[in-house]
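start12.txt (compact mmCIF, C-alpha atoms and all ligand atoms)
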```
# COMPACT_ATOMS: atom_id res chain seq x y z
CA MET A 1 143.84 84.66 85.78
CA SER A 2 141.17 82.05 85.67
CA SER A 3 142.17 80.36 88.88
CA THR A 4 143.30 81.94 92.09
CA ARG A 5 144.26 80.64 95.47
CA ASN A 6 142.84 83.43 97.48
CA THR A 7 144.16 82.89 100.96
CA PRO A 8 147.80 82.89 101.95
CA SER A 9 148.03 79.39 103.37
CA SER A 10 145.73 77.83 100.86
CA GLY A 11 148.28 75.46 99.35
CA GLY A 12 145.77 73.07 100.75
CA LYS A 13 147.26 69.75 99.78
CA ASP A 14 149.34 69.55 102.91
CA THR A 15 147.65 66.50 104.28
CA ALA A 16 147.43 62.83 103.74
CA SER A 17 147.02 63.34 100.01
CA ASN A 18 150.68 64.17 99.67
CA LYS A 19 152.10 61.81 102.16
CA ALA A 20 152.10 58.86 99.84
CA GLY A 21 155.23 60.42 98.40
CA LEU A 22 153.66 60.12 95.03
CA GLY A 23 154.31 63.56 93.74
CA GLY A 24 151.15 65.29 94.87
CA ASP A 25 153.02 68.53 95.34
CA GLU A 26 154.82 68.35 92.10
CA LEU A 27 151.79 67.72 90.00
CA PHE A 28 149.77 70.11 92.03
CA LEU A 29 152.16 72.81 90.88
CA ASP A 30 152.55 71.39 87.41
CA THR A 31 149.34 71.98 85.58
CA THR A 32 150.70 71.19 82.13
CA LEU A 33 149.33 67.67 82.24
CA ARG A 34 145.90 68.68 83.50
CA PRO A 35 143.20 68.03 80.88
CA SER A 36 141.76 71.25 79.55
CA SER A 37 138.79 69.77 77.70
CA TRP A 38 136.18 67.10 78.38
CA ASP A 39 137.62 64.96 75.59
CA GLU A 40 140.98 64.88 77.27
CA TYR A 41 139.41 63.94 80.59
CA VAL A 42 139.57 60.15 80.44
CA GLY A 43 136.99 57.90 82.13
CA GLN A 44 134.43 58.80 84.85
CA LYS A 45 131.75 58.43 82.18
CA THR A 46 128.73 58.63 84.48
CA ILE A 47 129.96 61.77 86.16
CA LYS A 48 130.67 63.44 82.82
CA GLU A 49 127.21 62.58 81.51
CA ASN A 50 125.49 63.92 84.61
CA LEU A 51 127.54 67.10 84.54
CA ARG A 52 126.78 67.66 80.87
CA VAL A 53 123.05 67.64 81.57
CA LEU A 54 123.38 69.72 84.72
CA LEU A 55 125.48 72.38 83.03
CA ARG A 56 123.39 72.53 79.87
CA ALA A 57 120.13 72.81 81.81
CA ALA A 58 121.58 75.58 83.97
CA ALA A 59 122.84 77.42 80.90
CA GLU A 60 119.38 77.22 79.29
CA ARG A 61 117.83 78.65 82.43
CA LYS A 62 120.55 81.32 82.42
CA HIS A 63 121.41 80.52 86.01
CA PRO A 64 124.62 79.25 87.62
CA PRO A 65 124.57 75.47 88.11
CA GLU A 66 123.60 74.21 91.56
CA HIS A 67 126.28 73.28 94.11
CA ILE A 68 128.31 70.17 93.38
CA LEU A 69 130.32 67.83 95.61
CA PHE A 70 133.03 65.44 94.40
CA TYR A 71 134.51 62.78 96.62
CA GLY A 72 137.03 59.97 96.34
CA PRO A 73 140.71 59.22 96.96
CA PRO A 74 143.36 61.83 96.10
CA GLY A 75 144.60 62.21 92.54
CA LEU A 76 141.49 60.90 90.76
CA GLY A 77 140.59 64.18 89.07
CA LYS A 78 138.28 66.15 91.38
CA THR A 79 140.13 69.46 91.02
CA THR A 80 140.40 68.92 87.29
CA LEU A 81 136.62 68.53 87.06
CA ALA A 82 136.16 71.83 88.89
CA HIS A 83 138.41 73.54 86.34
CA LEU A 84 136.56 71.94 83.43
CA ILE A 85 133.19 73.04 84.80
CA ALA A 86 134.44 76.62 85.13
CA LYS A 87 135.77 76.51 81.58
CA GLU A 88 132.56 75.03 80.19
CA THR A 89 130.47 77.71 81.85
CA ALA A 90 132.99 80.46 81.05
CA SER A 91 133.13 81.32 84.74
CA GLN A 92 135.94 82.39 87.01
CA LEU A 93 137.10 79.67 89.38
CA LYS A 94 138.15 80.91 92.79
CA ALA A 95 139.93 78.09 94.56
CA THR A 96 140.62 77.62 98.22
CA SER A 97 140.61 74.76 100.71
CA GLY A 98 139.05 73.77 104.02
CA PRO A 99 142.20 74.20 106.12
CA ALA A 100 142.84 77.64 104.59
CA ILE A 101 139.51 78.96 105.85
CA GLU A 102 140.36 79.31 109.50
CA LYS A 103 137.88 81.93 110.65
CA VAL A 104 134.33 82.88 109.79
CA GLY A 105 135.80 86.16 108.53
CA ASP A 106 137.95 84.28 105.96
CA LEU A 107 134.86 82.71 104.42
CA ALA A 108 132.91 85.96 104.60
CA SER A 109 135.64 87.74 102.70
CA ILE A 110 135.84 85.02 100.04
CA LEU A 111 132.06 85.02 99.56
CA THR A 112 131.67 88.80 99.42
CA ASN A 113 134.43 89.00 96.84
CA LEU A 114 132.65 86.67 94.43
CA SER A 115 131.26 88.11 91.20
CA PRO A 116 127.95 86.92 89.74
CA GLY A 117 128.30 83.47 88.19
CA ASP A 118 131.66 82.69 89.83
CA MET A 119 132.57 79.15 90.80
CA LEU A 120 133.99 78.73 94.28
CA PHE A 121 136.09 75.60 94.65
CA ILE A 122 136.72 74.39 98.20
CA ASP A 123 139.10 71.45 98.32
CA GLU A 124 139.19 69.27 101.45
CA ILE A 125 135.86 70.67 102.55
CA HIS A 126 135.70 68.12 105.39
CA ARG A 127 138.25 70.25 107.20
CA LEU A 128 135.95 73.27 107.62
CA ASN A 129 135.02 73.79 111.23
CA LYS A 130 131.44 73.83 112.52
CA ALA A 131 131.17 77.60 112.96
CA ILE A 132 132.24 78.14 109.35
CA GLU A 133 129.86 75.45 108.07
CA GLU A 134 127.00 77.34 109.76
CA VAL A 135 127.86 80.42 107.72
CA LEU A 136 128.06 78.39 104.56
CA TYR A 137 124.53 76.94 104.84
CA PRO A 138 122.55 80.13 104.23
CA ALA A 139 125.08 81.20 101.62
CA MET A 140 124.49 77.97 99.69
CA GLU A 141 120.76 77.88 100.22
CA SER A 142 119.50 81.41 99.88
CA GLY A 143 122.56 83.27 98.72
CA SER A 144 122.79 85.34 101.86
CA LEU A 145 125.50 85.88 104.38
CA ASP A 146 124.51 86.27 108.04
CA ILE A 147 127.15 88.07 110.01
CA ILE A 148 126.93 88.62 113.74
CA ILE A 149 128.34 91.93 114.85
CA GLY A 150 129.26 92.60 118.47
CA LYS A 151 128.97 90.34 121.47
CA GLY A 152 126.48 89.63 124.25
CA PRO A 153 123.14 91.48 124.44
CA SER A 154 124.22 94.13 121.95
CA ALA A 155 125.08 91.57 119.28
CA ARG A 156 123.07 91.88 116.10
CA THR A 157 122.95 90.01 112.83
CA ILE A 158 123.29 91.71 109.51
CA GLN A 159 122.39 89.96 106.32
CA LEU A 160 124.31 90.50 103.10
CA GLU A 161 122.99 89.44 99.72
CA LEU A 162 125.57 87.43 97.79
CA PRO A 163 125.89 87.31 94.00
CA PRO A 164 124.63 84.02 92.52
CA PHE A 165 127.51 81.51 92.58
CA THR A 166 128.20 77.79 92.42
CA LEU A 167 130.10 76.00 95.13
CA ILE A 168 132.16 73.07 93.90
CA ALA A 169 133.58 71.11 96.79
CA ALA A 170 135.91 68.15 96.96
CA THR A 171 136.71 65.74 99.74
CA THR A 172 138.60 62.54 100.30
CA ARG A 173 136.55 61.90 103.48
CA ILE A 174 132.85 62.10 102.69
CA ALA A 175 131.99 60.43 106.01
CA LEU A 176 133.34 63.45 107.87
CA LEU A 177 130.86 65.83 106.24
CA SER A 178 127.87 66.64 108.39
CA SER A 179 124.57 65.62 106.84
CA PRO A 180 123.21 69.21 106.78
CA LEU A 181 126.22 70.21 104.69
CA ARG A 182 125.93 67.21 102.40
CA SER A 183 122.27 67.86 101.76
CA ARG A 184 123.00 71.34 100.44
CA PHE A 185 124.80 70.09 97.34
CA SER A 186 121.63 70.26 95.33
CA GLY A 187 123.38 69.88 91.98
CA GLY A 188 124.67 66.44 92.94
CA THR A 189 127.22 64.47 94.90
CA PHE A 190 129.54 62.44 92.74
CA ARG A 191 131.92 59.68 93.70
CA LEU A 192 135.03 59.40 91.54
CA GLU A 193 135.92 55.82 90.72
CA PHE A 194 139.36 54.31 90.40
CA TYR A 195 140.46 54.10 86.75
CA THR A 196 140.92 50.93 84.75
CA ASP A 197 144.42 50.00 83.57
CA ALA A 198 143.36 50.80 80.00
CA GLU A 199 142.19 54.28 81.01
CA ILE A 200 145.42 54.91 82.90
CA GLN A 201 147.36 53.78 79.87
CA ARG A 202 145.52 56.33 77.73
CA ILE A 203 146.40 59.03 80.25
CA ILE A 204 150.05 57.95 80.17
CA HIS A 205 150.19 58.18 76.37
CA ARG A 206 148.58 61.59 76.41
CA SER A 207 150.98 62.84 79.09
CA ALA A 208 153.97 61.36 77.26
CA LYS A 209 152.97 63.30 74.16
CA LEU A 210 152.75 66.53 76.17
CA LEU A 211 156.17 65.82 77.67
CA GLY A 212 157.61 65.09 74.23
CA LEU A 213 158.39 61.52 75.20
CA GLU A 214 158.12 58.42 73.06
CA ILE A 215 156.76 55.41 74.89
CA ASP A 216 155.82 51.94 73.62
CA GLU A 217 152.75 49.96 74.64
CA LYS A 218 154.64 47.52 76.86
CA SER A 219 156.28 50.29 78.88
CA SER A 220 153.06 52.24 79.32
CA GLU A 221 151.25 49.06 80.33
CA LYS A 222 153.86 48.39 82.97
CA ILE A 223 153.56 51.90 84.40
CA ALA A 224 149.76 51.69 84.29
CA LYS A 225 149.72 48.49 86.31
CA ARG A 226 151.65 50.19 89.10
CA SER A 227 149.75 53.46 89.11
CA ARG A 228 147.27 52.59 91.86
CA PHE A 229 144.43 53.15 89.33
CA THR A 230 145.18 56.86 89.85
CA PRO A 231 146.04 59.45 87.15
CA ARG A 232 148.21 61.58 89.43
CA THR A 233 150.34 58.56 90.31
CA ALA A 234 150.55 57.54 86.64
CA ASN A 235 151.85 61.00 85.70
CA PHE A 236 154.29 60.98 88.57
CA LEU A 237 155.71 57.59 87.60
CA LEU A 238 155.92 58.59 83.96
CA LYS A 239 157.99 61.63 84.90
CA ARG A 240 160.37 59.55 86.97
CA VAL A 241 160.76 57.15 84.05
CA ARG A 242 161.44 60.13 81.79
CA ASP A 243 164.09 61.39 84.23
CA LEU A 244 165.93 58.08 84.27
CA ALA A 245 165.75 57.74 80.48
CA GLN A 246 167.10 61.27 80.13
CA VAL A 247 169.96 60.76 82.55
CA GLU A 248 170.86 57.44 80.95
CA LYS A 249 170.49 58.98 77.49
CA ALA A 250 168.35 55.97 76.58
CA PRO A 251 164.88 55.69 75.07
CA VAL A 252 162.04 54.69 77.38
CA SER A 253 161.89 50.92 77.51
CA VAL A 254 160.54 48.20 79.77
CA GLU A 255 163.99 47.94 81.30
CA ILE A 256 164.13 51.65 82.12
CA VAL A 257 160.60 51.45 83.57
CA ASP A 258 161.59 48.51 85.77
CA ARG A 259 164.64 50.29 87.05
CA ALA A 260 162.83 53.57 87.72
CA LEU A 261 160.08 51.79 89.63
CA ALA A 262 162.57 49.70 91.60
CA MET A 263 164.41 52.89 92.58
CA LEU A 264 161.13 54.25 93.92
CA GLY A 265 160.53 51.07 95.92
CA ILE A 266 157.32 50.30 94.04
CA ASP A 267 156.53 46.62 93.66
CA GLU A 268 154.64 44.77 90.94
CA LEU A 269 151.26 45.57 92.50
CA GLY A 270 152.11 49.26 92.78
CA LEU A 271 152.62 49.04 96.53
CA LEU A 272 154.96 51.48 98.22
CA GLN A 273 157.24 50.55 101.08
CA SER A 274 154.72 52.24 103.40
CA ASP A 275 151.90 50.00 102.09
CA ARG A 276 154.04 46.94 102.66
CA ASP A 277 154.90 48.18 106.17
CA LEU A 278 151.19 48.41 106.89
CA LEU A 279 150.61 44.85 105.72
CA SER A 280 153.59 43.44 107.57
CA THR A 281 152.57 45.25 110.76
CA LEU A 282 149.11 43.75 110.48
CA ILE A 283 150.60 40.33 109.90
CA ASP A 284 153.53 40.35 112.32
CA LYS A 285 152.18 42.36 115.22
CA PHE A 286 148.49 41.61 115.09
CA GLY A 287 148.31 38.08 113.72
CA GLY A 288 146.67 39.38 110.54
CA GLY A 289 144.02 41.39 112.42
CA PRO A 290 141.37 42.52 112.92
CA VAL A 291 142.85 45.58 114.53
CA GLY A 292 141.39 49.04 115.10
CA LEU A 293 142.54 51.98 113.01
CA ASN A 294 143.96 53.93 115.96
CA THR A 295 146.02 50.98 117.20
CA LEU A 296 147.32 50.38 113.70
CA ALA A 297 148.16 54.07 113.24
CA ALA A 298 150.01 54.22 116.56
CA SER A 299 151.93 51.09 115.73
CA LEU A 300 153.02 52.50 112.36
CA ALA A 301 153.66 56.00 113.77
CA GLU A 302 151.38 57.21 110.98
CA GLU A 303 148.36 59.51 111.02
CA GLU A 304 144.98 57.80 110.90
CA ALA A 305 143.96 60.12 108.06
CA THR A 306 146.92 59.02 105.94
CA ILE A 307 146.05 55.38 106.44
CA GLU A 308 142.40 56.01 105.60
CA GLU A 309 142.92 58.33 102.64
CA VAL A 310 146.10 57.08 101.01
CA HIS A 311 146.79 53.47 101.85
CA GLU A 312 143.47 51.83 102.56
CA PRO A 313 141.49 52.69 99.42
CA TYR A 314 144.10 51.04 97.22
CA LEU A 315 144.71 48.06 99.49
CA LEU A 316 140.96 47.51 99.72
CA GLN A 317 140.57 47.84 95.97
CA LEU A 318 143.26 45.21 95.43
CA GLY A 319 141.59 42.94 97.99
CA LEU A 320 144.68 42.86 100.22
CA ILE A 321 142.84 44.02 103.32
CA GLU A 322 139.26 44.01 104.55
CA ARG A 323 137.41 46.34 106.86
CA THR A 324 135.30 44.60 109.44
CA PRO A 325 133.31 46.01 112.37
CA ARG A 326 136.19 44.92 114.59
CA GLY A 327 138.90 46.58 112.52
CA ARG A 328 141.20 45.95 109.59
CA LYS A 329 142.47 42.52 108.67
CA VAL A 330 144.63 41.11 105.91
CA THR A 331 143.33 38.67 103.32
CA GLU A 332 144.83 35.45 101.95
CA LYS A 333 145.94 37.47 98.94
CA ALA A 334 148.00 39.73 101.20
CA TYR A 335 149.67 36.74 102.84
CA GLY A 336 150.52 35.51 99.35
CA HIS A 337 151.87 38.87 98.23
CA MET A 338 153.97 39.26 101.38
CA LYS A 339 155.17 35.67 100.93
CA VAL A 340 154.08 34.48 104.37
CA GLU A 341 154.07 30.69 104.54
CA PRO A 342 150.68 29.15 105.32
CA SER A 343 151.96 27.69 108.62
CA LYS A 344 152.93 31.17 109.82
CA ARG A 345 149.64 32.83 108.96
CA GLY A 346 147.40 34.14 111.70
CA LYS A 347 143.91 32.81 112.06
CA LEU A 348 141.68 34.58 109.57
CA LEU A 349 138.30 35.28 111.12
P1 LIG B 401 142.24 65.40 92.88
O1 LIG B 401 141.71 66.79 92.93
O2 LIG B 401 141.15 64.35 92.86
O3 LIG B 401 143.27 65.11 93.94
P2 LIG B 401 143.41 66.26 90.38
O4 LIG B 401 142.23 66.77 89.64
O5 LIG B 401 144.33 67.27 90.97
O6 LIG B 401 142.99 65.20 91.48
O7 LIG B 401 144.21 65.32 89.35
C1 LIG B 401 145.59 65.08 89.46
C2 LIG B 401 146.23 65.05 88.08
O8 LIG B 401 145.87 63.83 87.44
C3 LIG B 401 145.75 66.15 87.13
O9 LIG B 401 146.59 67.26 87.16
C4 LIG B 401 145.77 65.50 85.78
O10 LIG B 401 147.03 65.68 85.18
C5 LIG B 401 145.57 64.04 86.07
N1 LIG B 401 144.17 63.60 85.84
C6 LIG B 401 143.21 63.48 86.78
N2 LIG B 401 142.07 62.98 86.25
C7 LIG B 401 142.33 62.79 84.95
C8 LIG B 401 141.55 62.28 83.85
N3 LIG B 401 140.28 61.86 84.03
N4 LIG B 401 142.11 62.24 82.63
C9 LIG B 401 143.39 62.64 82.45
N5 LIG B 401 144.20 63.11 83.44
C10 LIG B 401 143.68 63.19 84.67
```

Written form, structure tokens:
Amino acid sequence: MSSTRNTPSSGGKDTASNKAGLGGDELFLDTTLRPSSWDEYVGQKTIKENLRVLLRAAAERKHPPEHILFYGPPGLGKTTLAHLIAKETASQLKATSGPAIEKVGDLASILTNLSPGDMLFIDEIHRLNKAIEEVLYPAMESGSLDIIIGKGPSARTIQLELPPFTLIAATTRIALLSSPLRSRFSGGTFRLEFYTDAEIQRIIHRSAKLLGLEIDEKSSEKIAKRSRFTPRTANFLLKRVRDLAQVEKAPVSVEIVDRALAMLGIDELGLLQSDRDLLSTLIDKFGGGPVGLNTLAASLAEEEATIEEVHEPYLLQLGLIERTPRGRKVTEKAYGHMKVEPSKRGKLL
């Protein structure tokens, strides 16, 4: 097996990433649509170019590539990149996640079980606790594992040499990573960008082919426009469109797409009901803002992390909200989208 989840609770994607209700779980389990070659991996040109050089140079030096960090909103292709890197370097990818590594011992056991040249993928690395981070530093820097045995005056440290390995980490919350940890990704830190509609459309056509589905340009364009610039969402929507077409025994058409999206409560900008709730709360309860994240989260009965990781990046990208030092506020565009009459709009600061 080229990829293993090596701790029992390491499903990992149990957090905000999945709470958008956009099929994170489903596609996490379904790897059939995951690109298995660089050619199939659409977009992210700069990252691909940098990785190509990094991997080739490491191969020429006959040494594992240096540690790499990917960050950006969920579903943009961070895990897929880790798999592609492992494939390119013909290495084993051992995958786990921050929340799955609960104790120093968990990390020690993962590290000591690595074979030379292995890739260790840690998803949601921002969720590692401080004590575990401290163990990771020497492992990343000098390939050694410092383990403290015993307690009090009789405690002693033993040092284990680790096989050379590459850590590939992913996070949706780069700001939560301590700077000592960040600085140890000597191979590079890469930010994944949202995809263009044209790129998403290419992904939809590729996925449709893999699913044995015929789809015309107009239908794929419509799905692309509502995919939140995110491949995982595009694949999820495509599958729901396929389901409806199958049940209706009809070919995929613009009409089927419209109906499938309406059933999911997705509007013409790709907003979910929960995105619209966020905007209307900002507008109705807080006069358009600015309002602090914690107040907004409490008011929506939503976790701050979900707002920050799932809703905000897309709403910011669309220019529907703004982040100011005093909190979040809606823009004129949001008032327009939510059809709030100018006379009823709060004062925009
Ligand atoms: P992340 O780790 O950033 O949450 P994933 O790597 O799990 O995202 O990507 C989610 C799914 O989206 C993948 O299984 C794959 O099907 C699709 N995908 C992601 N990036 C791309 C891409 N660049 N080209 C084609 N499909 C992609």

*Find the residues near Leu162 in chain A: any atom within 12 Å, counting all atoms listed in the file, skip ones fewer than 2 places away on the same chain, and give them as a PyMOL selection string.*
chain A and resi 108-118+136+138-146+159-160+164-166

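Here the selection is built from all atoms listed in the file, and the residues within 12 Å of (133.3, 69.2, 108.8) turn out to be Gly98, Pro99, Ile101, Glu124, Ile125, His126, Arg127, Leu128, Asn129, Lys130, Ala131, Ile132, Glu133, Glu134, Leu136, Thr171, Arg173, Ile174, Ala175, Leu176, Leu177, Ser178, Ser179, Pro180, Leu181 and Arg182 of chain A.
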
How would the residues just chosen look if you wrote them out with C-alpha atoms as a PDB file, keeping the file's coordinate frame?
```pdb
ATOM      1  CA  GLY A  98     139.050  73.770 104.020  1.00  0.00           C
ATOM      2  CA  PRO A  99     142.200  74.200 106.120  1.00  0.00           C
ATOM      3  CA  ILE A 101     139.510  78.960 105.850  1.00  0.00           C
ATOM      4  CA  GLU A 124     139.190  69.270 101.450  1.00  0.00           C
ATOM      5  CA  ILE A 125     135.860  70.670 102.550  1.00  0.00           C
ATOM      6  CA  HIS A 126     135.700  68.120 105.390  1.00  0.00           C
ATOM      7  CA  ARG A 127     138.250  70.250 107.200  1.00  0.00           C
ATOM      8  CA  LEU A 128     135.950  73.270 107.620  1.00  0.00           C
ATOM      9  CA  ASN A 129     135.020  73.790 111.230  1.00  0.00           C
ATOM     10  CA  LYS A 130     131.440  73.830 112.520  1.00  0.00           C
ATOM     11  CA  ALA A 131     131.170  77.600 112.960  1.00  0.00           C
ATOM     12  CA  ILE A 132     132.240  78.140 109.350  1.00  0.00           C
ATOM     13  CA  GLU A 133     129.860  75.450 108.070  1.00  0.00           C
ATOM     14  CA  GLU A 134     127.000  77.340 109.760  1.00  0.00           C
ATOM     15  CA  LEU A 136     128.060  78.390 104.560  1.00  0.00           C
ATOM     16  CA  THR A 171     136.710  65.740  99.740  1.00  0.00           C
ATOM     17  CA  ARG A 173     136.550  61.900 103.480  1.00  0.00           C
ATOM     18  CA  ILE A 174     132.850  62.100 102.690  1.00  0.00           C
ATOM     19  CA  ALA A 175     131.990  60.430 106.010  1.00  0.00           C
ATOM     20  CA  LEU A 176     133.340  63.450 107.870  1.00  0.00           C
ATOM     21  CA  LEU A 177     130.860  65.830 106.240  1.00  0.00           C
ATOM     22  CA  SER A 178     127.870  66.640 108.390  1.00  0.00           C
ATOM     23  CA  SER A 179     124.570  65.620 106.840  1.00  0.00           C
ATOM     24  CA  PRO A 180     123.210  69.210 106.780  1.00  0.00           C
ATOM     25  CA  LEU A 181     126.220  70.210 104.690  1.00  0.00           C
ATOM     26  CA  ARG A 182     125.930  67.210 102.400  1.00  0.00           C
TER      27      ARG A 182
END
```

| message | Report as a PyMOL selection string all protein, DNA and RNA residues lying within 10 Å of range 32-41 of chain A, evaluated on only C-alpha atoms, omitting residues in the same chain fewer than 4 positions from it. | response | chain A and resi 27-28+45+48+52+77+79-81+83-85+87-88+202-204+206-211+231-232+235

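We find CA of Arg345 in chain A and CA of Asp277 in chain A to be spaced 16.5 Å apart.
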
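For the pair CA of Pro153 in chain A and CA of Glu102 in chain A, the separation is 25.8 Å.
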
Just the residues within 8 Å of Arg228 in chain A, please, counting all atoms listed in the file, with nothing from its chain fewer than 6 positions along; format it as a PyMOL selection string. chain A and resi 234+270-271+314

Take the residues from that selection and put them in a file with C-alpha atoms, as a compact mmCIF listing (two decimals), in the frame of the given file.
```txt
# COMPACT_ATOMS: atom_id res chain seq x y z
CA ALA A 234 150.55 57.54 86.64
CA GLY A 270 152.11 49.26 92.78
CA LEU A 271 152.62 49.04 96.53
CA TYR A 314 144.10 51.04 97.22
```

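Within the 7 Å cut-off around Leu120 in chain A, using only C-alpha atoms and omitting residues fewer than 2 positions from it on the same chain, the listed residues are A:Leu93, A:Lys94, A:Ala95, A:Asp118, A:Ile122, A:Thr166, A:Leu167, A:Ile168.
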